[in-house]
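Structure, as structure tokens:
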Number of protein chains: 2
Amino acid sequence: MANTAKHDRQEVIQKATYLFWKKGFHATSMRNLQEFIDMRPGSIYASFGSKEGLFKESLQCYADASLARLAACAEASSPLEALKTFIHMAVVDYRNASPSGLCMLVKTLSELTEENAELLAEAKRLLSHIEDALAKLLDQAQACGELDPSKDTRRLARFLQMLLMGLRAYARANDDTDRLNELVDDAFACLGLDLGEC
Amino acid sequence: MANTAKHDRQEVIQKATYLFWKKGFHATSMRNLQEFIDMRPGSIYASFGSKEGLFKESLQCYADASLARLAACAEASSPLEALKTFIHMAVVDYRNASPSGLCMLVKTLSELTEENAELLAEAKRLLSHIEDALAKLLDQAQACGELDPSKDTRRLARFLQMLLMGLRAYARANDDTDRLNELVDDAFACLGLDLGEC
DNA sequence: TTACCACTTGAACAATTGTTCAATATAGAC
DNA sequence: GTCTATATTGAACAATTGTTCAAGTGGTAA
């Protein structure tokens, strides 16, 4: 077969995302990828140009999935309840199920240096999109009377993302689930969002 | 010269720490290290056994320096004031001065997988020591009446470390100093420690 | 002065890295 | 059925990886 793509592009990117997310950019070799997504180097380079190119698309794939997960939460319940579910999922539930436990974007920001400036910038860009989505959800919470209208939602969104990063990093260092739940509770408590009453 | 060590061991480890901290474990090649610390491979391997061996000692060197920094803060002011200084230094002041902006232990935890289980375990171990030091400082704060005696200092220490991780990770994604200061303020505010009045 | 020994040196190793490209294969157009 | 455009293959590339080791160097003790 030829002329018509053997591999579904999106499926290939998803597999690559899994491996990159799990092992990081440097520890994932092209040979690892070739084996895992069952493509020969020629095909990969024809489709994505370089390891960096494939990684960049993986970052986007990851961010899309995260935003979709947040949107799914938002559809299932009230804005603030959705936030709580989203964070609890990311920090506690997906901790062992996901390839890394950490946010792939944060992991990338942590691993890479200016030697891969483009990837660094892309990770930052995608993280800011997630922050936008969090802010939008907080705006909705205000609109439906769930959140004090005097609160600065942009500032609160920044704080939420910072908490999310911290919680997931901490979860990687300490795998006691009870204490982790305690920590998430503390984080919610200090938000002043009265989440417990939703 | 020979027979007597040409290089001061501690000095060599400090240089290695700088490079590992900056670039991470995988992106730092032995050739990078050889050049940076001005030693030939034979000497390095005679002293440290392997790249992993040198990295492990670098982790310890980093943790020692962090604990010393915290101790220095503690000696300069009251326990809670010291905590505030310590966190502000790590998140805002050292952000550009230090090799990475991130905690080297968190960066290691983020980068490595079970393929380097020993290094992973060492990073976790050292992080728990830092948490111990934070808890001890909170105990002192209680002893001198600076902190509500009913608070669970172990739990508070965990929360503090989580915040520290989150703040530094966020600082890596967003380099607006004003907003960063705002974020640190928010973090302190939600601690319920009344830090502003110390 | 001699002998020793801890330390250093750097060429060399096999393995792995990201990447290229000429050869091959095949679905669809005419 | 031929042609063309596109996708795939896998051997091969130069460069780099972590590591080894035989040879060299020079202070110290006798």
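Residues in the structure tokens are named by chain (A, B, ... in the order shown) and by number from 1 within that chain; ligands are numbered from 1 in the order shown.
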Give me the residues within 9 Å of Ser78 of chain B as a PDB file with N, CA and C atoms, in the first residue's frame, counting only C-alpha atoms (C1' of nucleotides) and dropping any in the same chain fewer than 2 places off.
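The resulting file, result_31.pdb, is reproduced below:
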ATOM      1  N   CYS B  73      18.497  31.899  56.759  1.00  0.00           N
ATOM      2  CA  CYS B  73      17.304  32.726  56.912  1.00  0.00           C
ATOM      3  C   CYS B  73      16.805  32.662  58.350  1.00  0.00           C
ATOM      4  N   ALA B  74      16.794  31.449  58.897  1.00  0.00           N
ATOM      5  CA  ALA B  74      16.269  31.244  60.246  1.00  0.00           C
ATOM      6  C   ALA B  74      17.083  31.997  61.287  1.00  0.00           C
ATOM      7  N   GLU B  75      18.382  32.130  61.000  1.00  0.00           N
ATOM      8  CA  GLU B  75      19.247  32.802  61.967  1.00  0.00           C
ATOM      9  C   GLU B  75      19.103  34.322  61.892  1.00  0.00           C
ATOM     10  N   ALA B  76      18.640  34.781  60.739  1.00  0.00           N
ATOM     11  CA  ALA B  76      18.597  36.222  60.515  1.00  0.00           C
ATOM     12  C   ALA B  76      17.323  36.873  61.046  1.00  0.00           C
ATOM     13  N   LEU B  80       8.847  32.600  61.167  1.00  0.00           N
ATOM     14  CA  LEU B  80       7.919  32.846  60.053  1.00  0.00           C
ATOM     15  C   LEU B  80       8.467  33.849  59.049  1.00  0.00           C
ATOM     16  N   GLU B  81       9.142  34.855  59.585  1.00  0.00           N
ATOM     17  CA  GLU B  81       9.773  35.833  58.711  1.00  0.00           C
ATOM     18  C   GLU B  81      10.816  35.145  57.835  1.00  0.00           C
ATOM     19  N   ALA B  82      11.522  34.193  58.431  1.00  0.00           N
ATOM     20  CA  ALA B  82      12.537  33.431  57.703  1.00  0.00           C
ATOM     21  C   ALA B  82      11.906  32.639  56.562  1.00  0.00           C
ATOM     22  N   LEU B  83      10.774  32.024  56.840  1.00  0.00           N
ATOM     23  CA  LEU B  83      10.084  31.260  55.798  1.00  0.00           C
ATOM     24  C   LEU B  83       9.704  32.143  54.615  1.00  0.00           C
ATOM     25  N   GLN B 140       9.175  25.808  65.720  1.00  0.00           N
ATOM     26  CA  GLN B 140       9.793  26.933  66.435  1.00  0.00           C
ATOM     27  C   GLN B 140       8.854  28.142  66.446  1.00  0.00           C
ATOM     28  N   ALA B 141       8.155  28.323  65.340  1.00  0.00           N
ATOM     29  CA  ALA B 141       7.206  29.434  65.263  1.00  0.00           C
ATOM     30  C   ALA B 141       6.102  29.262  66.311  1.00  0.00           C
ATOM     31  N   CYS B 144       7.525  30.002  69.905  1.00  0.00           N
ATOM     32  CA  CYS B 144       7.726  31.406  70.267  1.00  0.00           C
ATOM     33  C   CYS B 144       6.445  32.225  70.079  1.00  0.00           C
ATOM     34  N   GLU B 146       4.500  32.600  67.564  1.00  0.00           N
ATOM     35  CA  GLU B 146       4.302  33.261  66.282  1.00  0.00           C
ATOM     36  C   GLU B 146       3.218  32.570  65.438  1.00  0.00           C
ATOM     37  N   CYS B 198       4.443  40.034  60.972  1.00  0.00           N
ATOM     38  CA  CYS B 198       5.674  39.670  61.679  1.00  0.00           C
ATOM     39  C   CYS B 198       6.682  40.833  61.695  1.00  0.00           C
TER      40      CYS B 198
END
Which residues are near Ile130 of chain A? Cut-off 12 Å, only C-alpha atoms (C1' of nucleotides), ignore same chain within fewer than 3 positions. Put them as a short mmCIF file (atom, residue, chain, number, x, y, z; two decimals) with N, CA and C atoms, in the first residue's frame.
data_model
loop_
_atom_site.label_atom_id
_atom_site.label_comp_id
_atom_site.auth_asym_id
_atom_site.auth_seq_id
_atom_site.Cartn_x
_atom_site.Cartn_y
_atom_site.Cartn_z
N GLN A 60 0.91 19.94 21.48
CA GLN A 60 -0.41 20.45 21.10
C GLN A 60 -1.48 19.40 21.36
N TYR A 62 -1.38 17.06 23.55
CA TYR A 62 -1.57 16.99 25.01
C TYR A 62 -2.46 18.14 25.50
N ALA A 63 -2.17 19.32 25.05
CA ALA A 63 -2.94 20.49 25.49
C ALA A 63 -4.39 20.38 25.06
N ASP A 64 -4.61 19.91 23.83
CA ASP A 64 -5.98 19.72 23.34
C ASP A 64 -6.74 18.76 24.26
N ALA A 65 -6.07 17.66 24.61
CA ALA A 65 -6.72 16.66 25.45
C ALA A 65 -7.05 17.24 26.82
N SER A 66 -6.15 18.06 27.35
CA SER A 66 -6.38 18.67 28.66
C SER A 66 -7.57 19.61 28.61
N LEU A 67 -7.60 20.44 27.58
CA LEU A 67 -8.71 21.37 27.44
C LEU A 67 -10.03 20.62 27.25
N ALA A 68 -9.98 19.52 26.52
CA ALA A 68 -11.19 18.72 26.30
C ALA A 68 -11.68 18.12 27.62
N ARG A 69 -10.72 17.70 28.44
CA ARG A 69 -11.07 17.13 29.74
C ARG A 69 -11.74 18.19 30.62
N LEU A 70 -11.17 19.37 30.58
CA LEU A 70 -11.75 20.47 31.37
C LEU A 70 -13.16 20.81 30.87
N ALA A 71 -13.31 20.83 29.54
CA ALA A 71 -14.62 21.13 28.95
C ALA A 71 -15.64 20.06 29.34
N CYS A 103 2.00 17.29 34.53
CA CYS A 103 1.55 17.93 33.31
C CYS A 103 2.69 17.89 32.30
N LEU A 105 3.27 19.70 29.82
CA LEU A 105 3.79 21.03 29.49
C LEU A 105 4.77 21.50 30.56
N VAL A 106 4.43 21.25 31.82
CA VAL A 106 5.32 21.63 32.91
C VAL A 106 6.59 20.80 32.86
N ALA A 123 5.41 25.39 24.75
CA ALA A 123 4.86 24.90 26.02
C ALA A 123 4.27 26.06 26.82
N LYS A 124 4.97 27.17 26.84
CA LYS A 124 4.46 28.35 27.55
C LYS A 124 3.14 28.82 26.94
N ARG A 125 3.12 28.86 25.63
CA ARG A 125 1.94 29.32 24.92
C ARG A 125 0.73 28.44 25.26
N LEU A 126 0.92 27.15 25.22
CA LEU A 126 -0.18 26.23 25.48
C LEU A 126 -0.64 26.31 26.94
N LEU A 127 0.32 26.50 27.85
CA LEU A 127 -0.04 26.66 29.26
C LEU A 127 -0.90 27.90 29.47
N ALA A 133 -8.61 29.12 29.84
CA ALA A 133 -9.80 28.29 30.02
C ALA A 133 -10.24 28.28 31.49
N LEU A 134 -9.27 28.25 32.39
CA LEU A 134 -9.59 28.29 33.81
C LEU A 134 -10.28 29.62 34.16
N ALA A 135 -9.74 30.69 33.61
CA ALA A 135 -10.31 32.02 33.89
C ALA A 135 -11.74 32.10 33.35
N LYS A 136 -11.94 31.53 32.18
CA LYS A 136 -13.27 31.56 31.58
C LYS A 136 -14.29 30.82 32.46
N LEU A 137 -13.84 29.71 33.01
CA LEU A 137 -14.71 28.93 33.90
C LEU A 137 -15.03 29.72 35.17
N ARG A 154 -8.82 36.53 36.61
CA ARG A 154 -7.50 36.27 35.99
C ARG A 154 -6.47 35.89 37.05
N ALA A 157 -7.19 32.53 38.41
CA ALA A 157 -6.81 31.48 37.46
C ALA A 157 -5.31 31.20 37.52
N ARG A 158 -4.53 32.27 37.63
CA ARG A 158 -3.08 32.10 37.79
C ARG A 158 -2.77 31.28 39.03
N LEU A 160 -4.74 29.23 40.57
CA LEU A 160 -5.20 27.85 40.38
C LEU A 160 -4.17 27.03 39.60
N GLN A 161 -3.65 27.61 38.55
CA GLN A 161 -2.67 26.87 37.75
C GLN A 161 -1.40 26.61 38.56
N MET A 162 -1.01 27.59 39.35
CA MET A 162 0.15 27.39 40.20
C MET A 162 -0.09 26.25 41.18
N LEU A 164 -2.14 23.76 40.81
CA LEU A 164 -2.19 22.52 40.05
C LEU A 164 -0.78 22.00 39.79
#
Counting only C-alpha atoms (C1' of nucleotides), which residues of chain C fall within 9 Å of segment 8-17 of chain D, and what is the closest atom pair for each with its distance in Å at one decimal, ordered by chain and rising number, as JSON lines?
{"residue": "C:DA15", "atom": "C1'", "partner": "D:DT17", "partner_atom": "C1'", "distance": 7.8}
{"residue": "C:DT16", "atom": "C1'", "partner": "D:DT17", "partner_atom": "C1'", "distance": 6.4}
{"residue": "C:DT17", "atom": "C1'", "partner": "D:DT16", "partner_atom": "C1'", "distance": 6.4}
{"residue": "C:DT19", "atom": "C1'", "partner": "D:DC13", "partner_atom": "C1'", "distance": 8.1}
{"residue": "C:DT20", "atom": "C1'", "partner": "D:DC13", "partner_atom": "C1'", "distance": 7.5}
{"residue": "C:DA23", "atom": "C1'", "partner": "D:DT9", "partner_atom": "C1'", "distance": 8.4}
{"residue": "C:DT24", "atom": "C1'", "partner": "D:DT9", "partner_atom": "C1'", "distance": 7.3}
{"residue": "C:DA25", "atom": "C1'", "partner": "D:DT8", "partner_atom": "C1'", "distance": 7.6}
Contact residues (chain B, partner chain A, 10 Å, only C-alpha atoms) as a PyMOL selection string: chain B and resi 22-27+100-115+120-121+123-125+127-128+155-156+158-174+179-180+182-184+186-187+189-192
Using 9 Å as the limit and counting only C-alpha atoms (C1' of nucleotides), can you tabulate each residue of chain D that touches chain B, with its shortest atom-to-atom distance in Å and the two atoms involved, as a Markdown table?
| residue | atom | partner | partner_atom | distance |
| --- | --- | --- | --- | --- |
| D:DT17 | C1' | B:Ser29 | CA | 7.6 |
| D:DG18 | C1' | B:Met30 | CA | 7.1 |
| D:DT19 | C1' | B:Ser50 | CA | 8.2 |
| D:DT20 | C1' | B:Gly42 | CA | 8.2 |
| D:DC21 | C1' | B:Gly42 | CA | 8.6 |
| D:DT25 | C1' | B:Ala2 | CA | 6.2 |
| D:DG26 | C1' | B:Met1 | CA | 4.6 |
| D:DG27 | C1' | B:Asn3 | CA | 6.1 |
| D:DT28 | C1' | B:Asn3 | CA | 8.6 |
Rank nothing, just name the residue among A:Phe20, A:Ile44, A:Glu35, A:Leu138 nearest to chain C, using only C-alpha atoms (C1' of nucleotides). A:Ile44
Could you give me, as a count of residues only, each residue of segment 8-181 of chain A that DSSP assigns to helix (DSSP H, G or I) when run on this structure's backbone? 140
Chain C residues within 9 Å of chain B, counting only C-alpha atoms (C1' of nucleotides): which ones, as a VMD selection string? chain C and resid 5 to 10
Two-atom distance - atom CA of Gly145 of chain B, atom CA of Ala90 of chain B (Å):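 Calculated distance between atom CA of Gly145 of chain B and atom CA of Ala90 of chain B is 26.0 Å.
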